[in-house]
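Q: The file below is entry_1.txt, compact mmCIF, C-alpha atoms and all ligand atoms:
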```txt
# COMPACT_ATOMS: atom_id res chain seq x y z
CA MET A 1 48.54 -52.21 -71.77
CA SER A 2 50.27 -54.34 -74.45
CA ALA A 3 54.03 -54.05 -74.92
CA THR A 4 53.53 -52.79 -78.48
CA TYR A 5 51.21 -50.00 -77.39
CA GLU A 6 53.43 -49.12 -74.46
CA LYS A 7 56.42 -48.80 -76.78
CA LEU A 8 54.44 -46.65 -79.19
CA MET A 9 53.35 -44.34 -76.37
CA LYS A 10 56.91 -44.11 -75.13
CA CYS A 11 58.12 -43.12 -78.61
CA TYR A 12 55.30 -40.63 -78.94
CA ALA A 13 56.10 -39.03 -75.59
CA SER A 14 59.77 -38.85 -76.55
CA LEU A 15 58.91 -37.31 -79.94
CA ARG A 16 56.60 -34.77 -78.35
CA GLU A 17 59.44 -33.61 -76.15
CA LEU A 18 61.27 -32.73 -79.36
CA THR A 19 58.47 -31.13 -81.36
CA ASP A 20 54.85 -29.98 -81.27
CA PHE A 21 54.58 -30.02 -85.08
CA LYS A 22 51.21 -31.19 -86.39
CA PRO A 23 51.38 -32.61 -89.92
CA GLN A 24 48.42 -32.93 -92.24
CA LEU A 25 50.03 -35.60 -94.36
CA ALA A 26 52.68 -38.27 -93.78
CA LEU A 27 55.06 -39.25 -96.55
CA VAL A 28 57.31 -42.29 -96.65
CA LEU A 29 60.23 -41.91 -99.03
CA GLY A 30 61.41 -45.04 -100.82
CA SER A 31 64.80 -45.84 -102.34
CA GLY A 32 66.04 -43.12 -104.61
CA LEU A 33 63.50 -40.60 -103.41
CA GLY A 34 65.33 -39.54 -100.26
CA GLY A 35 66.36 -36.28 -101.91
CA PHE A 36 62.74 -35.13 -101.89
CA ALA A 37 63.14 -34.22 -98.23
CA ASP A 38 65.54 -31.48 -99.32
CA THR A 39 62.95 -29.88 -101.60
CA ILE A 40 60.51 -29.09 -98.81
CA ARG A 41 60.62 -26.04 -96.56
CA VAL A 42 62.14 -27.72 -93.53
CA ALA A 43 61.00 -26.75 -90.05
CA GLN A 44 62.83 -29.46 -88.14
CA ARG A 45 64.75 -32.69 -88.60
CA ILE A 46 64.56 -35.41 -85.99
CA SER A 47 66.93 -38.36 -86.20
CA TYR A 48 65.27 -41.68 -85.44
CA HIS A 49 68.07 -42.22 -82.94
CA ALA A 50 66.81 -39.24 -80.92
CA ILE A 51 63.45 -40.94 -80.30
CA ASP A 52 63.44 -43.30 -77.33
CA GLY A 53 62.62 -46.85 -78.43
CA PHE A 54 62.42 -46.08 -82.15
CA PRO A 55 63.54 -48.92 -84.48
CA THR A 56 66.46 -47.63 -86.54
CA SER A 57 67.39 -48.67 -90.06
CA THR A 58 70.62 -50.33 -91.17
CA VAL A 59 70.36 -50.25 -94.96
CA GLU A 60 72.94 -48.32 -96.91
CA GLY A 61 71.56 -45.21 -98.55
CA HIS A 62 68.75 -44.87 -96.03
CA LYS A 63 69.07 -41.79 -93.86
CA GLY A 64 66.99 -42.34 -90.80
CA GLN A 65 65.13 -39.21 -89.85
CA PHE A 66 61.77 -37.51 -89.74
CA VAL A 67 61.75 -34.29 -91.69
CA LEU A 68 59.03 -31.91 -90.56
CA GLY A 69 58.16 -29.07 -92.85
CA TYR A 70 55.98 -27.65 -95.58
CA VAL A 71 55.25 -28.62 -99.16
CA ASP A 72 54.02 -25.25 -100.36
CA ALA A 73 51.76 -24.51 -97.37
CA VAL A 74 50.98 -28.11 -96.46
CA PRO A 75 52.46 -29.31 -93.16
CA VAL A 76 54.02 -32.72 -93.72
CA VAL A 77 56.02 -35.27 -91.80
CA VAL A 78 58.44 -37.11 -94.05
CA MET A 79 60.19 -40.36 -93.30
CA GLN A 80 63.59 -40.14 -94.89
CA GLY A 81 64.52 -43.79 -94.51
CA ARG A 82 62.05 -46.45 -93.49
CA VAL A 83 62.37 -49.63 -91.47
CA HIS A 84 62.25 -52.88 -93.44
CA TYR A 85 61.05 -56.27 -92.28
CA TYR A 86 64.11 -57.91 -93.86
CA GLU A 87 66.38 -56.03 -91.49
CA GLY A 88 65.12 -58.29 -88.74
CA TYR A 89 62.54 -56.16 -86.98
CA ASP A 90 59.19 -57.49 -85.85
CA MET A 91 56.31 -56.27 -87.98
CA GLN A 92 55.07 -54.21 -85.03
CA ASP A 93 58.35 -52.29 -85.13
CA VAL A 94 58.27 -51.91 -88.91
CA VAL A 95 54.95 -50.08 -88.69
CA LEU A 96 55.64 -48.13 -85.50
CA PRO A 97 56.71 -45.01 -87.42
CA ILE A 98 53.45 -45.03 -89.38
CA ARG A 99 51.46 -45.18 -86.16
CA LEU A 100 53.59 -42.42 -84.72
CA MET A 101 52.91 -40.13 -87.67
CA LYS A 102 49.16 -40.71 -87.28
CA LEU A 103 49.41 -39.86 -83.59
CA MET A 104 51.20 -36.66 -84.57
CA GLY A 105 48.11 -35.70 -86.55
CA ALA A 106 48.59 -36.93 -90.11
CA GLU A 107 45.28 -38.00 -91.65
CA VAL A 108 46.71 -39.02 -95.02
CA LEU A 109 49.60 -41.37 -95.70
CA MET A 110 51.49 -41.28 -98.98
CA VAL A 111 53.82 -44.23 -99.46
CA THR A 112 56.52 -44.46 -102.08
CA ASN A 113 58.93 -47.25 -102.95
CA ALA A 114 61.03 -48.86 -105.64
CA SER A 115 59.75 -52.05 -107.20
CA GLY A 116 60.40 -54.68 -109.81
CA GLY A 117 57.97 -54.43 -112.71
CA ILE A 118 56.03 -57.49 -113.82
CA ARG A 119 53.40 -56.31 -116.24
CA ASP A 120 54.41 -56.71 -119.92
CA THR A 121 53.94 -53.02 -120.68
CA PHE A 122 56.21 -51.80 -117.84
CA HIS A 123 59.72 -50.44 -118.32
CA ALA A 124 62.48 -49.62 -115.86
CA GLY A 125 61.94 -46.05 -114.69
CA ASP A 126 58.13 -46.12 -114.98
CA LEU A 127 56.07 -44.66 -112.17
CA MET A 128 53.11 -46.71 -111.00
CA LEU A 129 50.18 -45.50 -108.98
CA ILE A 130 49.37 -48.27 -106.52
CA ARG A 131 45.76 -49.30 -106.93
CA ASP A 132 45.75 -52.27 -104.58
CA GLN A 133 48.16 -54.55 -102.80
CA ILE A 134 48.95 -58.17 -101.92
CA ALA A 135 50.38 -58.53 -98.41
CA SER A 136 49.82 -62.27 -98.05
CA PHE A 137 53.55 -63.15 -98.13
CA VAL A 138 54.50 -61.15 -95.03
CA PRO A 139 53.12 -61.41 -91.49
CA SER A 140 50.39 -58.95 -90.59
CA PRO A 141 51.46 -56.10 -88.30
CA LEU A 142 48.06 -56.54 -86.64
CA ARG A 143 48.77 -60.10 -85.49
CA GLY A 144 48.30 -60.58 -81.75
CA ALA A 145 45.99 -58.84 -79.34
CA ASN A 146 44.23 -56.00 -81.12
CA LEU A 147 45.34 -52.54 -80.06
CA GLU A 148 41.84 -51.26 -79.41
CA GLU A 149 43.22 -47.76 -78.83
CA LEU A 150 44.33 -47.68 -82.47
CA GLY A 151 41.61 -49.46 -84.41
CA THR A 152 39.27 -52.33 -84.93
CA ARG A 153 40.14 -56.05 -84.81
CA PHE A 154 39.18 -56.75 -88.42
CA PRO A 155 39.84 -53.63 -90.50
CA ASP A 156 38.29 -53.43 -93.96
CA MET A 157 40.85 -53.36 -96.78
CA THR A 158 38.45 -53.03 -99.72
CA GLU A 159 39.66 -49.58 -100.62
CA ALA A 160 43.07 -49.65 -98.95
CA TYR A 161 44.30 -47.09 -101.48
CA ASP A 162 41.75 -44.29 -101.35
CA PRO A 163 39.89 -43.96 -104.69
CA LYS A 164 39.57 -40.19 -104.36
CA LEU A 165 43.29 -39.77 -103.70
CA ARG A 166 44.06 -42.03 -106.65
CA ARG A 167 41.92 -39.87 -108.90
CA ILE A 168 43.70 -36.75 -107.68
CA ILE A 169 47.15 -38.21 -108.35
CA ARG A 170 46.15 -39.35 -111.84
CA ALA A 171 44.84 -35.89 -112.60
CA VAL A 172 48.07 -34.31 -111.35
CA ALA A 173 50.12 -36.69 -113.51
CA ILE A 174 48.16 -35.63 -116.60
CA GLN A 175 48.42 -31.97 -115.66
CA GLN A 176 52.17 -32.23 -115.12
CA ASP A 177 52.66 -34.41 -118.20
CA ILE A 178 54.17 -37.25 -116.18
CA PRO A 179 53.42 -40.73 -117.55
CA LEU A 180 51.83 -42.84 -114.81
CA GLN A 181 51.06 -46.55 -114.85
CA VAL A 182 48.52 -48.04 -112.47
CA GLY A 183 48.78 -51.42 -110.80
CA THR A 184 48.81 -53.82 -107.89
CA TYR A 185 51.86 -54.01 -105.62
CA LEU A 186 52.93 -57.22 -103.95
CA GLN A 187 55.23 -57.24 -100.93
CA PHE A 188 57.71 -60.08 -100.48
CA ALA A 189 59.76 -60.37 -97.29
CA GLY A 190 63.16 -60.17 -99.01
CA PRO A 191 65.99 -59.33 -98.76
CA GLN A 192 66.87 -61.65 -101.64
CA PHE A 193 65.40 -60.65 -104.95
CA GLU A 194 62.78 -63.04 -106.29
CA THR A 195 63.38 -66.05 -108.51
CA PRO A 196 61.83 -66.04 -111.98
CA ALA A 197 59.41 -68.71 -110.72
CA GLU A 198 58.29 -66.44 -107.88
CA ILE A 199 57.74 -63.65 -110.36
CA ARG A 200 55.62 -65.95 -112.54
CA MET A 201 53.62 -66.79 -109.41
CA ALA A 202 53.21 -63.11 -108.51
CA LYS A 203 52.02 -62.39 -112.05
CA ALA A 204 49.51 -65.23 -111.89
CA LEU A 205 48.22 -63.76 -108.62
CA GLY A 206 47.56 -60.42 -110.24
CA ALA A 207 50.60 -58.43 -109.15
CA ASP A 208 52.00 -55.77 -111.47
CA ALA A 209 55.05 -54.90 -109.38
CA VAL A 210 56.89 -56.43 -106.42
CA GLY A 211 58.96 -55.00 -103.61
CA MET A 212 60.01 -55.48 -100.01
CA SER A 213 58.06 -52.81 -98.15
CA THR A 214 54.88 -50.77 -98.01
CA ALA A 215 52.00 -53.25 -97.86
CA CYS A 216 52.47 -53.90 -94.14
CA GLU A 217 52.69 -50.17 -93.49
CA VAL A 218 49.47 -49.60 -95.37
CA ILE A 219 47.73 -52.22 -93.23
CA ALA A 220 48.76 -50.38 -90.05
CA ALA A 221 47.67 -47.06 -91.54
CA ARG A 222 44.27 -48.42 -92.53
CA HIS A 223 43.87 -49.95 -89.09
CA MET A 224 44.15 -46.43 -87.68
CA GLY A 225 41.78 -44.98 -90.26
CA MET A 226 44.33 -43.08 -92.33
CA ARG A 227 43.53 -42.43 -95.97
CA VAL A 228 46.30 -43.94 -98.05
CA CYS A 229 47.83 -43.41 -101.46
CA GLY A 230 51.01 -44.79 -102.97
CA ILE A 231 53.35 -44.41 -105.89
CA SER A 232 55.98 -46.93 -106.88
CA CYS A 233 59.03 -46.35 -109.02
CA VAL A 234 59.50 -49.42 -111.20
CA SER A 235 63.27 -49.37 -110.93
CA ASN A 236 63.84 -52.59 -112.85
CA LEU A 237 62.03 -55.38 -114.62
CA ALA A 238 61.48 -58.21 -112.14
CA ALA A 239 63.63 -61.34 -112.09
CA GLY A 240 63.65 -63.33 -115.31
CA LEU A 241 62.06 -60.58 -117.38
CA SER A 242 65.14 -58.67 -118.50
CA GLY A 243 67.58 -61.47 -119.28
CA GLY A 244 70.19 -60.34 -116.75
CA PRO A 245 70.76 -60.63 -113.00
CA LEU A 246 69.27 -58.09 -110.56
CA LEU A 247 71.78 -55.88 -108.80
CA HIS A 248 70.97 -53.46 -105.99
CA GLU A 249 73.22 -50.84 -107.61
CA ASP A 250 71.22 -50.99 -110.87
CA VAL A 251 67.97 -50.68 -108.94
CA GLN A 252 69.37 -47.65 -107.11
CA LYS A 253 70.64 -46.12 -110.34
CA SER A 254 67.36 -46.23 -112.23
CA ALA A 255 65.46 -45.07 -109.14
CA ASP A 256 67.85 -42.09 -109.07
CA GLU A 257 67.20 -41.40 -112.75
CA ALA A 258 63.44 -41.41 -112.22
CA ALA A 259 63.76 -39.24 -109.09
CA PRO A 260 63.10 -35.81 -110.70
CA ARG A 261 59.79 -37.04 -112.25
CA PHE A 262 58.91 -38.90 -109.09
CA GLU A 263 59.57 -35.86 -106.91
CA LYS A 264 57.56 -33.58 -109.14
CA LEU A 265 54.57 -35.93 -109.05
CA VAL A 266 54.77 -36.32 -105.27
CA TYR A 267 55.15 -32.58 -104.72
CA HIS A 268 52.14 -31.55 -106.81
CA SER A 269 50.03 -34.47 -105.58
CA ILE A 270 50.54 -33.40 -101.96
CA ILE A 271 49.34 -29.90 -102.75
CA ALA A 272 46.32 -31.19 -104.67
CA ILE A 273 45.42 -33.68 -101.94
CA ALA A 274 45.63 -31.04 -99.22
CA LYS A 275 43.39 -28.77 -101.27
CA SER A 276 40.77 -31.53 -101.38
CA MET A 277 40.77 -32.09 -97.61
N1 LIG A 301 62.16 -57.07 -106.31
C1 LIG A 301 61.93 -56.72 -105.04
N2 LIG A 301 62.13 -55.50 -104.56
C2 LIG A 301 62.57 -54.57 -105.42
C3 LIG A 301 62.84 -54.86 -106.76
C4 LIG A 301 62.61 -56.18 -107.24
O1 LIG A 301 62.80 -56.51 -108.42
N3 LIG A 301 63.26 -53.70 -107.33
C5 LIG A 301 63.25 -52.76 -106.36
N4 LIG A 301 62.84 -53.27 -105.19
```
Output the file's structure as structure tokens, nothing else.
Ligand code: HPA
A:
Amino acid sequence: MSATYEKLMKCYASLRELTDFKPQLALVLGSGLGGFADTIRVAQRISYHAIDGFPTSTVEGHKGQFVLGYVDAVPVVVMQGRVHYYEGYDMQDVVLPIRLMKLMGAEVLMVTNASGGIRDTFHAGDLMLIRDQIASFVPSPLRGANLEELGTRFPDMTEAYDPKLRRIIRAVAIQQDIPLQVGTYLQFAGPQFETPAEIRMAKALGADAVGMSTACEVIAARHMGMRVCGISCVSNLAAGLSGGPLLHEDVQKSADEAAPRFEKLVYHSIIAIAKSM
């Protein structure tokens, strides 16, 4: 057995000693969206520290715990605080929580994040449905011997973000009167924000927004056959597009301002997605 798989199984065994909860959907909360976990009917909270071998996060403002509970009647596992590659973890560790949530039973993964907006029509505070992604600037979490127990060697990424789920989220946005952009998300390794030249490159490559998470997690989820959807909060215009420097506090602040809209969209999308399953 590979070390990565062994570690995953150890975490899973440790988690199963703490809960027998079976989620239908897994949700990863990005910066500024952490408060969403308080809006669900909580059954149990499990600190990442309580899970043997679990990679724990160091970033300020990221509470590290799984929240198990219900959005309306939908059983969900929520990651309040994710693990970032820029913190120094191997990619295998970054995606371990995603794999764990699939093992728990989640068939759908909803990812959220904050991003820098590139497309000309984007403004700080916009929400963007992720249509596709560019993960070419970070190592693949699938590098190394394939974990046959989890999935195939060469997973298809043609429809990484499930078209049916995307349609559902767009319909919910219209229904709830929440403006929703659509675009391609590009993951850089970070932690430094990009240079204006890197943003021009990302734009030329077809990216609409950039961030430091998510794409690698989506690869791991697709490897395991999860259906994936994602929403990004464009918390700022990307480097060189707003005239000023990028500050983490500003990013946090506008993510916080967008949070009520973001939470409403996520909440109703989860219900609509579960109904379609
Ligand atoms: N760049 C990268 N990551 C980000 C940004 C950005 O401009 N904003 C929020 N996360």
Q: Which residues are near ligand LIG 301 (chain A) in this structure, taking near to mean any atom at most 10 Å from a ligand atom and counting only C-alpha atoms and all ligand atoms? Format them as a PDB file with C-alpha atoms, in the coordinates of the input.
A:
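Generated file (selection-v6.pdb):
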```pdb
ATOM      1  CA  GLY A  30      61.410 -45.040-100.820  1.00  0.00           C
ATOM      2  CA  SER A  31      64.800 -45.840-102.340  1.00  0.00           C
ATOM      3  CA  ASN A 113      58.930 -47.250-102.950  1.00  0.00           C
ATOM      4  CA  ALA A 114      61.030 -48.860-105.640  1.00  0.00           C
ATOM      5  CA  SER A 115      59.750 -52.050-107.200  1.00  0.00           C
ATOM      6  CA  GLY A 116      60.400 -54.680-109.810  1.00  0.00           C
ATOM      7  CA  GLY A 117      57.970 -54.430-112.710  1.00  0.00           C
ATOM      8  CA  ILE A 118      56.030 -57.490-113.820  1.00  0.00           C
ATOM      9  CA  ALA A 124      62.480 -49.620-115.860  1.00  0.00           C
ATOM     10  CA  LEU A 186      52.930 -57.220-103.950  1.00  0.00           C
ATOM     11  CA  GLN A 187      55.230 -57.240-100.930  1.00  0.00           C
ATOM     12  CA  PHE A 188      57.710 -60.080-100.480  1.00  0.00           C
ATOM     13  CA  ALA A 189      59.760 -60.370 -97.290  1.00  0.00           C
ATOM     14  CA  GLY A 190      63.160 -60.170 -99.010  1.00  0.00           C
ATOM     15  CA  PRO A 191      65.990 -59.330 -98.760  1.00  0.00           C
ATOM     16  CA  GLN A 192      66.870 -61.650-101.640  1.00  0.00           C
ATOM     17  CA  PHE A 193      65.400 -60.650-104.950  1.00  0.00           C
ATOM     18  CA  GLU A 194      62.780 -63.040-106.290  1.00  0.00           C
ATOM     19  CA  THR A 195      63.380 -66.050-108.510  1.00  0.00           C
ATOM     20  CA  ILE A 199      57.740 -63.650-110.360  1.00  0.00           C
ATOM     21  CA  ALA A 209      55.050 -54.900-109.380  1.00  0.00           C
ATOM     22  CA  VAL A 210      56.890 -56.430-106.420  1.00  0.00           C
ATOM     23  CA  GLY A 211      58.960 -55.000-103.610  1.00  0.00           C
ATOM     24  CA  MET A 212      60.010 -55.480-100.010  1.00  0.00           C
ATOM     25  CA  SER A 213      58.060 -52.810 -98.150  1.00  0.00           C
ATOM     26  CA  SER A 232      55.980 -46.930-106.880  1.00  0.00           C
ATOM     27  CA  CYS A 233      59.030 -46.350-109.020  1.00  0.00           C
ATOM     28  CA  VAL A 234      59.500 -49.420-111.200  1.00  0.00           C
ATOM     29  CA  SER A 235      63.270 -49.370-110.930  1.00  0.00           C
ATOM     30  CA  ASN A 236      63.840 -52.590-112.850  1.00  0.00           C
ATOM     31  CA  LEU A 237      62.030 -55.380-114.620  1.00  0.00           C
ATOM     32  CA  ALA A 238      61.480 -58.210-112.140  1.00  0.00           C
ATOM     33  CA  ALA A 239      63.630 -61.340-112.090  1.00  0.00           C
ATOM     34  CA  GLY A 240      63.650 -63.330-115.310  1.00  0.00           C
ATOM     35  CA  LEU A 241      62.060 -60.580-117.380  1.00  0.00           C
ATOM     36  CA  LEU A 246      69.270 -58.090-110.560  1.00  0.00           C
ATOM     37  CA  LEU A 247      71.780 -55.880-108.800  1.00  0.00           C
ATOM     38  CA  HIS A 248      70.970 -53.460-105.990  1.00  0.00           C
ATOM     39  CA  ASP A 250      71.220 -50.990-110.870  1.00  0.00           C
ATOM     40  CA  VAL A 251      67.970 -50.680-108.940  1.00  0.00           C
ATOM     41  CA  GLN A 252      69.370 -47.650-107.110  1.00  0.00           C
ATOM     42  CA  SER A 254      67.360 -46.230-112.230  1.00  0.00           C
ATOM     43  CA  ALA A 255      65.460 -45.070-109.140  1.00  0.00           C
TER      44      ALA A 255
END
```
Q: Choose the residue, out of A:Asp126, A:Asp72, A:Asp208, A:Glu148, that has the smallest atom-to-atom separation from Ile271 in chain A; count only C-alpha atoms.
A: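 Distance minimum relative to Ile271 in chain A lands on A:Asp72.
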Q: How many Å lie between CA of Lys264 in chain A and CA of Gly230 in chain A, rounded to one decimal?
A: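 CA of Lys264 in chain A sits 14.4 Å away from CA of Gly230 in chain A.
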Q: Which centre and which edge lengths, in Å to one decimal, describe the axis-aligned box that holds all listed atoms of range 80-85 of chain A after 4 Å is added on each side, as lines of an AutoDock Vina configuration file?
A:
```
center_x = 62.8
center_y = -48.2
center_z = -93.2
size_x = 11.5
size_y = 24.1
size_z = 11.4
```
Q: Just the number, please: distance in Å from CA of Arg222 in chain A to CA of Tyr5 in chain A, one decimal.
A: 16.7 Å
Q: Residues within 12 Å of (39.3, -58.4, -87.7), file coordinates, counting only C-alpha atoms: what are they? Give the list as an MDAnalysis selection string.
A: chainID A and resid 140 142:148 151:157 219 223
Q: Rank nothing, just name the residue among A:His123, A:Arg200, A:Arg131, A:Arg16 nearest to Arg166 in chain A, using all atoms listed in the file.
A: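 For Arg166 in chain A, the nearest of the given residues is A:Arg131.
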Q: Using all atoms listed in the file, which of the listed residues (A:Pro196, A:Tyr12, A:Asp38, A:Arg167) sits closest to Gly244 in chain A?
A: A:Pro196
Q: Extract range 28-110 of chain A from the preceding block and save C-alpha atoms as a PDB file, in the first residue's frame.
A:
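And here's selection34.pdb as it stands now:
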```pdb
ATOM      1  CA  VAL A  28     -15.265  23.670   1.025  1.00  0.00           C
ATOM      2  CA  LEU A  29     -15.550  27.166   2.454  1.00  0.00           C
ATOM      3  CA  GLY A  30     -13.156  29.776   1.104  1.00  0.00           C
ATOM      4  CA  SER A  31     -11.936  33.003   2.686  1.00  0.00           C
ATOM      5  CA  GLY A  32     -14.756  35.122   3.994  1.00  0.00           C
ATOM      6  CA  LEU A  33     -17.300  32.344   3.755  1.00  0.00           C
ATOM      7  CA  GLY A  34     -16.398  30.592   6.998  1.00  0.00           C
ATOM      8  CA  GLY A  35     -19.519  31.997   8.654  1.00  0.00           C
ATOM      9  CA  PHE A  36     -21.681  29.809   6.434  1.00  0.00           C
ATOM     10  CA  ALA A  37     -20.930  26.889   8.721  1.00  0.00           C
ATOM     11  CA  ASP A  38     -22.929  28.660  11.425  1.00  0.00           C
ATOM     12  CA  THR A  39     -26.032  28.863   9.237  1.00  0.00           C
ATOM     13  CA  ILE A  40     -26.441  25.111   8.913  1.00  0.00           C
ATOM     14  CA  ARG A  41     -28.167  22.832  11.411  1.00  0.00           C
ATOM     15  CA  VAL A  42     -25.056  21.445  13.047  1.00  0.00           C
ATOM     16  CA  ALA A  43     -24.923  17.814  14.101  1.00  0.00           C
ATOM     17  CA  GLN A  44     -21.252  17.674  15.018  1.00  0.00           C
ATOM     18  CA  ARG A  45     -18.011  19.616  14.750  1.00  0.00           C
ATOM     19  CA  ILE A  46     -14.731  17.798  14.395  1.00  0.00           C
ATOM     20  CA  SER A  47     -11.490  19.739  14.714  1.00  0.00           C
ATOM     21  CA  TYR A  48      -8.876  18.731  12.168  1.00  0.00           C
ATOM     22  CA  HIS A  49      -6.527  18.293  15.118  1.00  0.00           C
ATOM     23  CA  ALA A  50      -8.727  15.476  16.426  1.00  0.00           C
ATOM     24  CA  ILE A  51      -8.123  13.395  13.289  1.00  0.00           C
ATOM     25  CA  ASP A  52      -4.953  11.320  13.396  1.00  0.00           C
ATOM     26  CA  GLY A  53      -2.576  12.339  10.602  1.00  0.00           C
ATOM     27  CA  PHE A  54      -4.742  15.160   9.249  1.00  0.00           C
ATOM     28  CA  PRO A  55      -2.825  18.135   7.763  1.00  0.00           C
ATOM     29  CA  THR A  56      -3.768  21.226   9.760  1.00  0.00           C
ATOM     30  CA  SER A  57      -3.923  24.796   8.494  1.00  0.00           C
ATOM     31  CA  THR A  58      -1.862  27.736   9.724  1.00  0.00           C
ATOM     32  CA  VAL A  59      -3.473  30.693   7.954  1.00  0.00           C
ATOM     33  CA  GLU A  60      -5.042  33.403  10.052  1.00  0.00           C
ATOM     34  CA  GLY A  61      -8.808  33.500   9.790  1.00  0.00           C
ATOM     35  CA  HIS A  62      -9.054  29.840   8.849  1.00  0.00           C
ATOM     36  CA  LYS A  63     -10.770  27.748  11.491  1.00  0.00           C
ATOM     37  CA  GLY A  64      -9.797  24.177  10.915  1.00  0.00           C
ATOM     38  CA  GLN A  65     -12.744  21.881  11.390  1.00  0.00           C
ATOM     39  CA  PHE A  66     -15.270  19.686   9.663  1.00  0.00           C
ATOM     40  CA  VAL A  67     -18.810  20.760  10.368  1.00  0.00           C
ATOM     41  CA  LEU A  68     -21.322  17.964   9.895  1.00  0.00           C
ATOM     42  CA  GLY A  69     -24.935  18.919   9.623  1.00  0.00           C
ATOM     43  CA  TYR A  70     -27.919  19.741   7.477  1.00  0.00           C
ATOM     44  CA  VAL A  71     -28.705  22.433   4.942  1.00  0.00           C
ATOM     45  CA  ASP A  72     -32.470  22.212   5.109  1.00  0.00           C
ATOM     46  CA  ALA A  73     -32.706  18.397   4.984  1.00  0.00           C
ATOM     47  CA  VAL A  74     -29.497  17.799   3.039  1.00  0.00           C
ATOM     48  CA  PRO A  75     -26.715  16.085   4.994  1.00  0.00           C
ATOM     49  CA  VAL A  76     -23.474  17.946   4.323  1.00  0.00           C
ATOM     50  CA  VAL A  77     -19.880  17.867   5.444  1.00  0.00           C
ATOM     51  CA  VAL A  78     -18.371  21.331   5.474  1.00  0.00           C
ATOM     52  CA  MET A  79     -14.699  22.192   5.577  1.00  0.00           C
ATOM     53  CA  GLN A  80     -14.389  25.325   7.636  1.00  0.00           C
ATOM     54  CA  GLY A  81     -10.791  26.103   6.758  1.00  0.00           C
ATOM     55  CA  ARG A  82      -8.901  24.327   4.011  1.00  0.00           C
ATOM     56  CA  VAL A  83      -5.284  23.350   3.581  1.00  0.00           C
ATOM     57  CA  HIS A  84      -3.273  25.415   1.090  1.00  0.00           C
ATOM     58  CA  TYR A  85      -0.294  24.337  -0.963  1.00  0.00           C
ATOM     59  CA  TYR A  86       1.513  27.576  -0.062  1.00  0.00           C
ATOM     60  CA  GLU A  87       1.542  26.573   3.586  1.00  0.00           C
ATOM     61  CA  GLY A  88       4.142  23.987   2.688  1.00  0.00           C
ATOM     62  CA  TYR A  89       2.139  20.788   2.462  1.00  0.00           C
ATOM     63  CA  ASP A  90       2.627  18.232  -0.270  1.00  0.00           C
ATOM     64  CA  MET A  91      -0.188  18.212  -2.801  1.00  0.00           C
ATOM     65  CA  GLN A  92      -1.238  14.787  -1.525  1.00  0.00           C
ATOM     66  CA  ASP A  93      -1.865  16.358   1.879  1.00  0.00           C
ATOM     67  CA  VAL A  94      -3.667  19.354   0.404  1.00  0.00           C
ATOM     68  CA  VAL A  95      -6.250  17.068  -1.180  1.00  0.00           C
ATOM     69  CA  LEU A  96      -6.480  14.521   1.629  1.00  0.00           C
ATOM     70  CA  PRO A  97      -9.563  16.189   3.151  1.00  0.00           C
ATOM     71  CA  ILE A  98     -11.370  16.011  -0.199  1.00  0.00           C
ATOM     72  CA  ARG A  99     -10.651  12.305  -0.440  1.00  0.00           C
ATOM     73  CA  LEU A 100     -11.777  11.853   3.126  1.00  0.00           C
ATOM     74  CA  MET A 101     -15.118  13.531   2.460  1.00  0.00           C
ATOM     75  CA  LYS A 102     -15.688  11.255  -0.541  1.00  0.00           C
ATOM     76  CA  LEU A 103     -14.922   8.230   1.611  1.00  0.00           C
ATOM     77  CA  MET A 104     -17.477   9.506   4.116  1.00  0.00           C
ATOM     78  CA  GLY A 105     -20.080   9.283   1.365  1.00  0.00           C
ATOM     79  CA  ALA A 106     -20.225  12.668  -0.355  1.00  0.00           C
ATOM     80  CA  GLU A 107     -20.982  12.292  -4.067  1.00  0.00           C
ATOM     81  CA  VAL A 108     -20.934  16.001  -4.878  1.00  0.00           C
ATOM     82  CA  LEU A 109     -18.220  18.513  -4.068  1.00  0.00           C
ATOM     83  CA  MET A 110     -18.943  22.229  -3.950  1.00  0.00           C
TER      84      MET A 110
END
```
